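Trainee: One file: target_22.cif (mmCIF, C-alpha atoms).
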```
data_final
loop_
_atom_site.label_atom_id
_atom_site.label_comp_id
_atom_site.auth_asym_id
_atom_site.auth_seq_id
_atom_site.Cartn_x
_atom_site.Cartn_y
_atom_site.Cartn_z
CA MET A 1 -38.13 -100.97 -71.31
CA ARG A 2 -39.55 -98.78 -68.53
CA LEU A 3 -41.51 -101.65 -67.06
CA SER A 4 -43.28 -100.98 -63.81
CA TYR A 5 -43.40 -103.30 -60.82
CA PRO A 6 -45.06 -102.92 -57.39
CA ALA A 7 -43.55 -100.07 -55.42
CA ASP A 8 -43.66 -101.98 -52.13
CA ILE A 9 -40.77 -104.22 -53.17
CA LYS A 10 -37.38 -103.19 -51.87
CA ILE A 11 -34.49 -104.47 -53.93
CA ILE A 12 -31.20 -105.41 -52.30
CA GLN A 13 -28.48 -106.06 -54.84
CA VAL A 14 -25.90 -108.78 -54.35
CA PRO A 15 -23.13 -109.79 -56.74
CA CYS A 16 -24.55 -113.32 -56.95
CA THR A 17 -27.42 -115.04 -55.15
CA GLY A 18 -24.76 -117.34 -53.71
CA ARG A 19 -24.02 -114.40 -51.40
CA VAL A 20 -27.52 -114.56 -49.93
CA ASP A 21 -27.40 -116.16 -46.53
CA ILE A 22 -30.04 -117.93 -44.46
CA LEU A 23 -29.59 -115.15 -41.92
CA HIS A 24 -30.37 -112.42 -44.48
CA LEU A 25 -33.73 -114.07 -45.13
CA LEU A 26 -34.47 -114.81 -41.47
CA ASN A 27 -33.47 -111.33 -40.34
CA ALA A 28 -35.78 -109.76 -42.94
CA ILE A 29 -38.72 -111.80 -41.59
CA GLU A 30 -37.63 -111.08 -38.01
CA ASP A 31 -37.62 -107.34 -38.75
CA GLY A 32 -41.17 -107.51 -40.09
CA ALA A 33 -40.87 -108.06 -43.85
CA ASP A 34 -44.12 -109.61 -45.14
CA GLY A 35 -42.17 -111.71 -47.62
CA VAL A 36 -38.72 -112.10 -49.14
CA TYR A 37 -37.74 -113.54 -52.48
CA VAL A 38 -34.46 -114.23 -54.16
CA ALA A 39 -34.16 -113.56 -57.88
CA GLY A 40 -31.22 -115.52 -59.19
CA CYS A 41 -29.85 -116.37 -62.60
CA LEU A 42 -31.29 -119.28 -64.55
CA GLU A 43 -30.21 -122.64 -63.22
CA GLY A 44 -27.13 -123.85 -65.04
CA GLU A 45 -26.16 -120.30 -65.99
CA CYS A 46 -24.64 -119.02 -62.76
CA HIS A 47 -21.46 -117.04 -63.49
CA TYR A 48 -20.04 -118.54 -60.30
CA ILE A 49 -21.18 -122.05 -61.24
CA SER A 50 -23.57 -122.83 -58.39
CA GLY A 51 -24.50 -119.65 -56.50
CA ASN A 52 -28.17 -119.82 -57.52
CA LEU A 53 -28.39 -123.51 -56.62
CA LYS A 54 -26.99 -122.77 -53.17
CA ALA A 55 -29.46 -119.91 -52.77
CA ARG A 56 -32.33 -122.26 -53.59
CA LYS A 57 -31.22 -124.60 -50.81
CA LYS A 58 -31.00 -121.72 -48.35
CA VAL A 59 -34.50 -120.59 -49.32
CA ALA A 60 -35.72 -124.15 -48.74
CA TYR A 61 -34.09 -124.16 -45.28
CA VAL A 62 -35.80 -120.92 -44.33
CA LYS A 63 -39.15 -122.21 -45.61
CA LYS A 64 -38.73 -125.25 -43.36
CA THR A 65 -37.88 -123.06 -40.38
CA LEU A 66 -40.91 -120.85 -40.97
CA MET A 67 -43.14 -123.93 -41.19
CA GLU A 68 -41.77 -125.09 -37.85
CA ILE A 69 -42.68 -121.71 -36.38
CA GLY A 70 -46.13 -121.74 -37.97
CA ILE A 71 -45.57 -118.99 -40.53
CA GLU A 72 -46.58 -119.51 -44.17
CA PRO A 73 -43.46 -120.75 -46.03
CA GLU A 74 -44.80 -119.09 -49.18
CA ARG A 75 -43.59 -115.81 -47.76
CA VAL A 76 -40.10 -116.82 -48.88
CA GLU A 77 -39.39 -117.84 -52.46
CA MET A 78 -36.68 -118.44 -55.02
CA PHE A 79 -37.05 -117.36 -58.65
CA ASN A 80 -34.73 -117.84 -61.59
CA LEU A 81 -34.45 -115.49 -64.54
CA SER A 82 -31.73 -114.06 -66.73
CA SER A 83 -30.58 -110.46 -66.59
CA ALA A 84 -32.07 -110.00 -70.08
CA GLN A 85 -35.58 -110.91 -68.90
CA GLY A 86 -36.79 -107.52 -67.71
CA ALA A 87 -40.41 -108.35 -68.43
CA ARG A 88 -40.12 -111.56 -66.39
CA PHE A 89 -38.57 -109.58 -63.52
CA ALA A 90 -41.61 -107.29 -63.39
CA GLU A 91 -43.93 -110.29 -63.70
CA ILE A 92 -42.24 -112.06 -60.76
CA ALA A 93 -42.44 -108.90 -58.68
CA ARG A 94 -46.19 -108.65 -59.33
CA GLU A 95 -46.64 -112.39 -58.69
CA MET A 96 -44.86 -112.18 -55.34
CA ALA A 97 -46.63 -108.96 -54.34
CA ASP A 98 -50.01 -110.57 -55.15
CA ARG A 99 -49.08 -113.68 -53.19
CA ILE A 100 -48.10 -111.64 -50.12
CA LYS A 101 -51.23 -109.51 -50.39
CA GLY A 102 -53.24 -112.74 -50.43
CA LEU A 103 -51.45 -113.97 -47.31
CA GLY A 104 -51.85 -110.65 -45.54
CA PRO A 105 -49.36 -108.87 -43.30
CA SER A 106 -46.68 -110.89 -41.54
CA PRO A 107 -48.01 -112.41 -38.31
CA ILE A 108 -44.96 -110.92 -36.61
CA LYS A 109 -45.83 -107.39 -37.67
CA LYS A 110 -49.45 -107.80 -36.60
CA LYS A 111 -48.46 -108.89 -33.10
CA THR A 112 -45.83 -106.18 -32.80
CA HIS A 113 -48.33 -103.52 -33.83
CA ALA A 114 -50.93 -104.92 -31.46
CA ALA A 115 -48.40 -104.69 -28.64
CA MET B 1 -14.93 -135.19 -33.02
CA ILE B 2 -17.97 -135.24 -30.77
CA VAL B 3 -21.06 -135.22 -32.95
CA ALA B 4 -24.35 -133.68 -31.94
CA ASP B 5 -27.78 -132.90 -33.39
CA ARG B 6 -29.64 -129.72 -32.61
CA LYS B 7 -32.82 -130.11 -30.61
CA SER B 8 -35.98 -129.05 -32.41
CA LEU B 9 -36.89 -125.40 -32.33
CA GLN B 10 -40.10 -126.24 -30.49
CA GLU B 11 -38.24 -128.13 -27.78
CA ILE B 12 -35.81 -125.26 -27.27
CA LEU B 13 -38.61 -122.69 -27.26
CA ALA B 14 -40.47 -124.72 -24.62
CA MET B 15 -37.38 -124.77 -22.38
CA VAL B 16 -37.27 -120.99 -22.16
CA ALA B 17 -40.99 -120.27 -22.66
CA ASP B 18 -41.16 -118.09 -19.54
CA LYS B 19 -37.88 -116.24 -20.12
CA LYS B 20 -37.59 -112.78 -21.63
CA LYS B 21 -33.83 -112.33 -21.84
CA ILE B 22 -31.45 -115.15 -22.66
CA LEU B 23 -27.97 -115.84 -23.94
CA ILE B 24 -27.21 -118.47 -26.56
CA ALA B 25 -23.67 -119.77 -26.09
CA GLY B 26 -22.00 -121.56 -28.97
CA CYS B 27 -18.69 -123.41 -29.03
CA LYS B 28 -15.90 -123.20 -31.60
CA GLY B 29 -14.92 -126.84 -31.02
CA CYS B 30 -16.50 -130.03 -32.30
CA VAL B 31 -20.02 -128.61 -32.62
CA THR B 32 -18.76 -125.94 -35.02
CA VAL B 33 -17.18 -128.64 -37.17
CA CYS B 34 -20.38 -130.71 -37.21
CA ASN B 35 -22.42 -127.58 -38.03
CA VAL B 36 -24.62 -127.59 -34.97
CA GLY B 37 -23.25 -125.10 -32.45
CA GLY B 38 -20.91 -122.64 -34.16
CA LEU B 39 -21.47 -118.94 -34.86
CA LYS B 40 -23.72 -119.54 -37.86
CA GLU B 41 -25.96 -122.00 -36.03
CA VAL B 42 -26.13 -119.75 -32.97
CA GLU B 43 -27.22 -116.82 -35.15
CA ILE B 44 -29.82 -118.90 -36.97
CA LEU B 45 -31.27 -120.25 -33.72
CA ALA B 46 -31.40 -116.76 -32.20
CA SER B 47 -33.20 -115.32 -35.23
CA SER B 48 -35.61 -118.28 -35.46
CA MET B 49 -36.46 -118.01 -31.77
CA LYS B 50 -37.03 -114.26 -32.04
CA ILE B 51 -39.36 -114.78 -35.01
CA ALA B 52 -41.31 -117.48 -33.13
CA ARG B 53 -41.66 -115.36 -30.00
CA LYS B 54 -42.61 -112.24 -31.98
CA LYS B 55 -45.31 -114.28 -33.67
CA GLU B 56 -46.75 -115.09 -30.24
CA GLY B 57 -46.58 -111.41 -29.31
CA ASN B 58 -44.13 -112.35 -26.59
CA ASP B 59 -40.81 -110.87 -27.71
CA ILE B 60 -37.57 -112.27 -26.34
CA ASP B 61 -34.24 -110.51 -26.01
CA ILE B 62 -31.44 -112.81 -27.16
CA ASP B 63 -27.71 -112.15 -27.08
CA ILE B 64 -25.18 -114.52 -28.55
CA LYS B 65 -21.66 -115.52 -27.63
CA VAL B 66 -19.44 -118.20 -29.11
CA LEU B 67 -16.79 -119.50 -26.74
CA GLU B 68 -13.47 -120.83 -27.94
CA ARG B 69 -14.42 -124.07 -26.17
CA GLN B 70 -16.93 -124.85 -23.46
CA CYS B 71 -14.86 -127.76 -22.15
CA ASP B 72 -12.06 -125.63 -20.69
CA THR B 73 -12.60 -123.52 -17.59
CA GLU B 74 -10.38 -120.71 -18.91
CA TYR B 75 -12.77 -120.18 -21.83
CA VAL B 76 -15.91 -120.79 -19.76
CA ALA B 77 -14.67 -117.96 -17.53
CA GLY B 78 -14.92 -115.69 -20.56
CA ILE B 79 -18.60 -114.98 -19.93
CA SER B 80 -18.24 -114.25 -16.19
CA ASP B 81 -18.95 -110.54 -16.66
CA VAL B 82 -22.20 -111.04 -18.59
CA VAL B 83 -23.65 -114.40 -17.51
CA GLY B 84 -25.62 -112.81 -14.68
CA ASN B 85 -27.44 -110.48 -17.08
CA TYR B 86 -29.68 -113.26 -18.38
CA GLU B 87 -32.61 -115.26 -17.10
CA ALA B 88 -31.22 -118.39 -18.75
CA VAL B 89 -28.48 -119.58 -21.09
CA ILE B 90 -28.86 -122.06 -23.93
CA SER B 91 -25.65 -123.91 -24.69
CA LEU B 92 -25.14 -125.28 -28.18
CA ALA B 93 -22.03 -127.19 -27.10
CA CYS B 94 -21.93 -130.95 -26.51
CA GLY B 95 -23.10 -132.22 -23.13
CA VAL B 96 -19.80 -131.17 -21.59
CA GLY B 97 -20.50 -127.47 -22.19
CA PRO B 98 -23.63 -126.90 -20.11
CA GLN B 99 -22.03 -128.92 -17.29
CA PHE B 100 -18.83 -126.86 -17.19
CA LEU B 101 -20.99 -123.74 -17.33
CA SER B 102 -23.29 -125.01 -14.56
CA GLU B 103 -20.33 -125.90 -12.37
CA MET B 104 -18.75 -122.44 -12.75
CA TYR B 105 -21.91 -120.32 -12.58
CA ARG B 106 -24.04 -121.96 -9.90
CA ASP B 107 -26.82 -119.35 -9.89
CA GLN B 108 -27.52 -119.53 -13.61
CA THR B 109 -29.60 -122.12 -15.47
CA PHE B 110 -28.06 -123.65 -18.57
CA TYR B 111 -30.22 -125.49 -21.09
CA PRO B 112 -28.78 -127.93 -23.63
CA GLY B 113 -29.70 -126.88 -27.16
CA VAL B 114 -28.26 -130.01 -28.75
CA ASN B 115 -28.40 -133.75 -28.25
CA THR B 116 -24.87 -135.14 -28.07
CA THR B 117 -24.75 -138.36 -30.03
CA PHE B 118 -21.34 -139.97 -30.59
CA PHE B 119 -17.61 -139.75 -31.42
CA GLY B 120 -17.36 -139.86 -35.16
CA GLY B 121 -16.55 -138.13 -38.38
CA ALA B 122 -18.14 -136.85 -41.58
CA THR B 123 -18.28 -139.47 -44.33
CA GLN B 124 -19.72 -136.85 -46.67
CA HIS B 125 -21.01 -133.30 -46.29
CA GLY B 126 -23.94 -133.56 -43.91
CA VAL B 127 -23.43 -137.20 -42.91
CA TRP B 128 -21.62 -138.19 -39.71
CA GLU B 129 -20.95 -141.73 -38.58
CA GLU B 130 -19.87 -143.25 -35.29
CA ARG B 131 -16.32 -144.53 -35.22
CA CYS B 132 -15.24 -144.67 -31.57
CA ALA B 133 -16.94 -145.81 -28.38
CA GLY B 134 -14.29 -144.37 -26.06
CA CYS B 135 -13.74 -147.76 -24.43
CA GLY B 136 -10.40 -146.68 -23.01
CA SER B 137 -8.24 -149.51 -24.44
CA CYS B 138 -7.92 -149.16 -28.20
CA ALA B 139 -7.15 -152.32 -30.19
CA ILE B 140 -8.28 -151.40 -33.70
CA HIS B 141 -4.95 -152.58 -35.15
CA ASN B 142 -6.19 -156.12 -34.51
CA PHE B 143 -9.17 -155.57 -36.76
CA GLY B 144 -7.73 -153.93 -39.85
CA GLY B 145 -8.22 -150.50 -38.35
CA LEU B 146 -11.98 -150.93 -38.07
CA CYS B 147 -13.44 -150.85 -34.57
CA PRO B 148 -15.85 -153.68 -33.72
CA ILE B 149 -16.57 -152.11 -30.32
CA ALA B 150 -18.08 -148.97 -31.80
CA ARG B 151 -19.30 -150.32 -35.11
CA CYS B 152 -20.69 -153.76 -34.34
CA ALA B 153 -24.13 -153.52 -32.75
CA LYS B 154 -23.08 -156.23 -30.28
CA SER B 155 -19.46 -155.07 -29.95
CA LEU B 156 -18.35 -158.59 -30.88
CA MET B 157 -14.61 -159.24 -30.77
CA ASN B 158 -14.36 -162.60 -32.56
CA GLY B 159 -16.30 -162.36 -35.80
CA PRO B 160 -19.79 -161.66 -37.05
CA CYS B 161 -22.98 -162.98 -35.51
CA GLY B 162 -25.81 -164.73 -37.38
CA GLY B 163 -27.48 -161.40 -38.03
CA SER B 164 -24.96 -160.49 -40.71
CA SER B 165 -26.38 -160.82 -44.21
CA LYS B 166 -24.70 -159.68 -47.43
CA GLY B 167 -22.56 -157.24 -45.49
CA ILE B 168 -25.50 -155.65 -43.71
CA CYS B 169 -26.29 -155.79 -39.99
CA GLU B 170 -29.71 -157.06 -38.93
CA VAL B 171 -30.16 -153.97 -36.78
CA SER B 172 -30.76 -151.71 -39.79
CA LYS B 173 -30.59 -151.92 -43.57
CA THR B 174 -28.30 -148.89 -43.56
CA THR B 175 -25.83 -150.34 -41.05
CA GLU B 176 -22.90 -152.20 -42.47
CA CYS B 177 -21.75 -155.35 -40.69
CA ILE B 178 -18.33 -154.16 -39.60
CA TRP B 179 -17.16 -157.73 -39.21
CA ASP B 180 -17.96 -158.35 -42.87
CA SER B 181 -15.77 -155.34 -43.69
CA ILE B 182 -13.00 -156.47 -41.33
CA VAL B 183 -12.87 -159.94 -42.89
CA LYS B 184 -12.99 -158.57 -46.46
CA LYS B 185 -10.19 -156.13 -45.71
CA LYS B 186 -8.00 -158.85 -44.21
CA MET B 187 -8.69 -161.13 -47.21
CA GLU B 188 -7.78 -158.35 -49.64
CA SER B 189 -4.48 -157.80 -47.90
CA GLY B 190 -3.84 -161.57 -47.66
CA LYS B 191 -3.72 -161.43 -43.88
CA LEU B 192 -6.87 -163.31 -42.95
CA GLU B 193 -4.84 -165.44 -40.54
CA ASP B 194 -4.50 -162.33 -38.36
CA LEU B 195 -8.06 -162.97 -37.25
CA ILE B 196 -7.40 -166.57 -36.24
CA GLY B 197 -7.13 -167.01 -32.50
CA VAL B 198 -9.78 -166.16 -29.98
CA LYS B 199 -9.35 -162.71 -28.53
CA GLY B 200 -9.32 -162.72 -24.78
CA ILE B 201 -12.23 -161.37 -22.81
CA LYS B 202 -12.11 -157.60 -23.01
CA SER B 203 -11.74 -155.74 -19.78
CA TRP B 204 -14.38 -153.03 -19.64
CA LYS B 205 -12.83 -151.43 -16.57
CA THR B 206 -11.42 -148.67 -18.76
CA ALA B 207 -14.78 -148.06 -20.41
CA ARG B 208 -17.82 -146.27 -19.00
CA ASP B 209 -18.73 -149.46 -17.14
CA GLY B 210 -16.03 -148.60 -14.61
CA GLY B 211 -17.89 -145.43 -13.68
CA PRO B 212 -17.06 -141.82 -14.62
CA ARG B 213 -13.49 -141.60 -15.85
CA ARG B 214 -10.67 -139.20 -15.16
CA SER B 215 -7.44 -138.78 -17.11
CA ILE B 216 -4.50 -137.46 -15.11
CA ARG B 217 -1.28 -136.26 -16.71
CA GLU B 218 1.13 -135.58 -13.86
CA GLU B 219 3.73 -133.90 -16.08
CA LEU B 220 1.15 -131.35 -17.18
CA ILE B 221 -0.11 -130.77 -13.66
CA GLN B 222 3.45 -130.11 -12.54
CA GLY B 223 3.98 -127.84 -15.52
CA ASN B 224 7.03 -129.75 -16.75
CA ILE B 225 5.88 -129.74 -20.37
#
```
Show me this structure written as structure tokens.
Mentor:
Amino acid sequence: MRLSYPADIKIIQVPCTGRVDILHLLNAIEDGADGVYVAGCLEGECHYISGNLKARKKVAYVKKTLMEIGIEPERVEMFNLSSAQGARFAEIAREMADRIKGLGPSPIKKKTHAA
Amino acid sequence: MIVADRKSLQEILAMVADKKKILIAGCKGCVTVCNVGGLKEVEILASSMKIARKKEGNDIDIDIKVLERQCDTEYVAGISDVVGNYEAVISLACGVGPQFLSEMYRDQTFYPGVNTTFFGGATQHGVWEERCAGCGSCAIHNFGGLCPIARCAKSLMNGPCGGSSKGICEVSKTTECIWDSIVKKKMESGKLEDLIGVKGIKSWKTARDGGPRRSIREELIQGNI
């Protein structure tokens, strides 16, 4: 398909989004990522039954934590798409990149750079 | 187990607002089981605190350690070589933990990261309920195995009060009237007569009312068993 998506997205592969942990998301933000999103299989189609549903709950937990800290929860998101939806994958990547660009750099990175 | 709730992130951050290097000490006992002070929760708190402090441009150095238990001096002694390296320590154990730590390490300040709530168990994933009040003289066999001391808002020993309506306690719509449950259980088993007869006045000397308690097992002290 040779679809292009924003180059500033770094992909970390996991066998199932059920493997994604709250700490993976928090540590990414802590280390200065402007945003993190999880791209899981369509709901109801997880090969491991409920990995993507668990990931959604973990994303929700991290959003809540970020809100408590005063960081935009939109910097963390959960998306669902099938492995056959290459075009949707590129679309999500652009959507998330646009969202993060709209929010600006992570407040953590700004402070760290200022220091 | 002892059940606890984590304090809010803001409350914990405020406790150590002027500190730059701290230790978060978890416990592998009850607070691990009730998902509030085990390794995972310690790691999440540490990361959340670092994010919050980075956002303020006031970075904090946080190390973590999870003790086997914080209610045994032999395990509390496990941090003796590092405890002095920090400006403060946050304990995610029940209220016993920061006290044992404070007693052993007198020059260090230990902050409680959780609010210890009650003795209870999980009725479903994520829901814990009180079951024991630690009154020191258990008599639940008299009440169909259901404790009116811990589970009746008034700790009544001889039946429900007038605040019981359709099995619910007047204190809260989500609180069952344990006396309603006790009576129903006895009726189901055909042993309602077990409840006939006024229970004597309960001695509260064994409960907290008698002051701080101590349990002494001579055979253990002497090392016989």
Trainee: Residues of chain B within 7 Å of chain A, using only C-alpha atoms, as a list in words?
Mentor: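 Output check: Ile44, Ser47, Lys50, Ile51, Ala52, Lys54, Lys55 and Gly57 of chain B.
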Trainee: With C-alpha atoms retained, export the selected residues as a compact mmCIF listing (two decimals), keeping the file's coordinate frame.
Mentor:
```txt
# COMPACT_ATOMS: atom_id res chain seq x y z
CA ILE B 44 -29.82 -118.90 -36.97
CA SER B 47 -33.20 -115.32 -35.23
CA LYS B 50 -37.03 -114.26 -32.04
CA ILE B 51 -39.36 -114.78 -35.01
CA ALA B 52 -41.31 -117.48 -33.13
CA LYS B 54 -42.61 -112.24 -31.98
CA LYS B 55 -45.31 -114.28 -33.67
CA GLY B 57 -46.58 -111.41 -29.31
```
Trainee: Can you pull out the residues contacting region 77-92 of chain B? Cut-off 10 Å, using only C-alpha atoms, and skip same-chain residues under 5 positions away; I want them as a ChimeraX atom specification.
Mentor: /B:4-7,12,15-16,18-27,31-32,36-39,41-42,45,61-68,70,72,97-102,104-105,107-116
Trainee: On this file, the PyMOL selection byres ((chain A and resi 46-56) around 10) gives some set of residues; write that set as a PyMOL selection string.
Mentor: chain A and resi 15-22+38-45+57-62+77-80+82
Trainee: So which residues touch Asp8 (chain A) within 12 Å, counting all atoms listed in the file, skipping near sequence neighbours fewer than 5 positions away, as a list of chain:residue names?
Mentor: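 Neighbouring residues, sequence-local ones excluded: A:Ala33, A:Asp34, A:Gly35, A:Val36, A:Ala93, A:Arg94, A:Met96, A:Ala97, A:Asp98, A:Ile100, A:Lys101.
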Trainee: When you look at region 207-211 of chain B with a cut-off of 10 Å (counting all atoms listed in the file), what residues show up, excluding the ones that are within fewer than 4 positions of it in the same chain? I need them as a PyMOL selection string.
Mentor: chain B and resi 133-137+203
Trainee: When you draw a straight line from CA of Ala46 (chain B) to CA of Pro73 (chain A), how long is it in Å?
Mentor: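 If I compute the distance from CA of Ala46 (chain B) to CA of Pro73 (chain A), I get 18.8 Å.
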Trainee: Measure the distance from CA of Arg214 (chain B) to CA of Glu130 (chain B) in Å and round it to one decimal.
Mentor: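 Taking CA of Arg214 (chain B) and CA of Glu130 (chain B), their separation equals 22.5 Å.
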Trainee: Just the residues within 9 Å of Lys166 (chain B), please, counting only C-alpha atoms, with nothing from its chain fewer than 2 positions along; format it as a PyMOL selection string.
Mentor: chain B and resi 164+168-169+177+180
Trainee: Do you know which residues the PyMOL selection byres ((chain B and resi 119) around 12) returns on this file, as a ChimeraX atom specification?
Mentor: /B:1-4,30-31,34,94,116-118,120-122,128-135,150-151
Trainee: Print the selection's residues with C-alpha atoms to a file, as a JSON list (two decimals), keeping the file's coordinate frame.
Mentor:
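The resulting file, out_14.json, is reproduced below:
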```
[["chain", "number", "residue", "atom", "x", "y", "z"],
["B", 1, "MET", "CA", -14.93, -135.19, -33.02],
["B", 2, "ILE", "CA", -17.97, -135.24, -30.77],
["B", 3, "VAL", "CA", -21.06, -135.22, -32.95],
["B", 4, "ALA", "CA", -24.35, -133.68, -31.94],
["B", 30, "CYS", "CA", -16.50, -130.03, -32.30],
["B", 31, "VAL", "CA", -20.02, -128.61, -32.62],
["B", 34, "CYS", "CA", -20.38, -130.71, -37.21],
["B", 94, "CYS", "CA", -21.93, -130.95, -26.51],
["B", 116, "THR", "CA", -24.87, -135.14, -28.07],
["B", 117, "THR", "CA", -24.75, -138.36, -30.03],
["B", 118, "PHE", "CA", -21.34, -139.97, -30.59],
["B", 120, "GLY", "CA", -17.36, -139.86, -35.16],
["B", 121, "GLY", "CA", -16.55, -138.13, -38.38],
["B", 122, "ALA", "CA", -18.14, -136.85, -41.58],
["B", 128, "TRP", "CA", -21.62, -138.19, -39.71],
["B", 129, "GLU", "CA", -20.95, -141.73, -38.58],
["B", 130, "GLU", "CA", -19.87, -143.25, -35.29],
["B", 131, "ARG", "CA", -16.32, -144.53, -35.22],
["B", 132, "CYS", "CA", -15.24, -144.67, -31.57],
["B", 133, "ALA", "CA", -16.94, -145.81, -28.38],
["B", 134, "GLY", "CA", -14.29, -144.37, -26.06],
["B", 135, "CYS", "CA", -13.74, -147.76, -24.43],
["B", 150, "ALA", "CA", -18.08, -148.97, -31.80],
["B", 151, "ARG", "CA", -19.30, -150.32, -35.11]]
```
Trainee: With the file shown as input, list the residues that the PyMOL selection byres ((chain B and resi 157) around 12) selects, as a PyMOL selection string.
Mentor: chain B and resi 139-140+142-143+146-156+158-161+178-179+182+195-203
Trainee: Counting only C-alpha atoms, which residue out of A:Val14, A:Leu103, A:Leu81, A:Ala87 sits closest to Met1 (chain A)?
Mentor: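 When distances to Met1 (chain A) are compared using only C-alpha atoms, the smallest one comes from A:Ala87.
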Trainee: Take CA of Val76 (chain A) and CA of Tyr37 (chain A) and report the distance between them in Å, one decimal.
Mentor: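 Result for CA of Val76 (chain A) versus CA of Tyr37 (chain A): 5.4 Å, one decimal.
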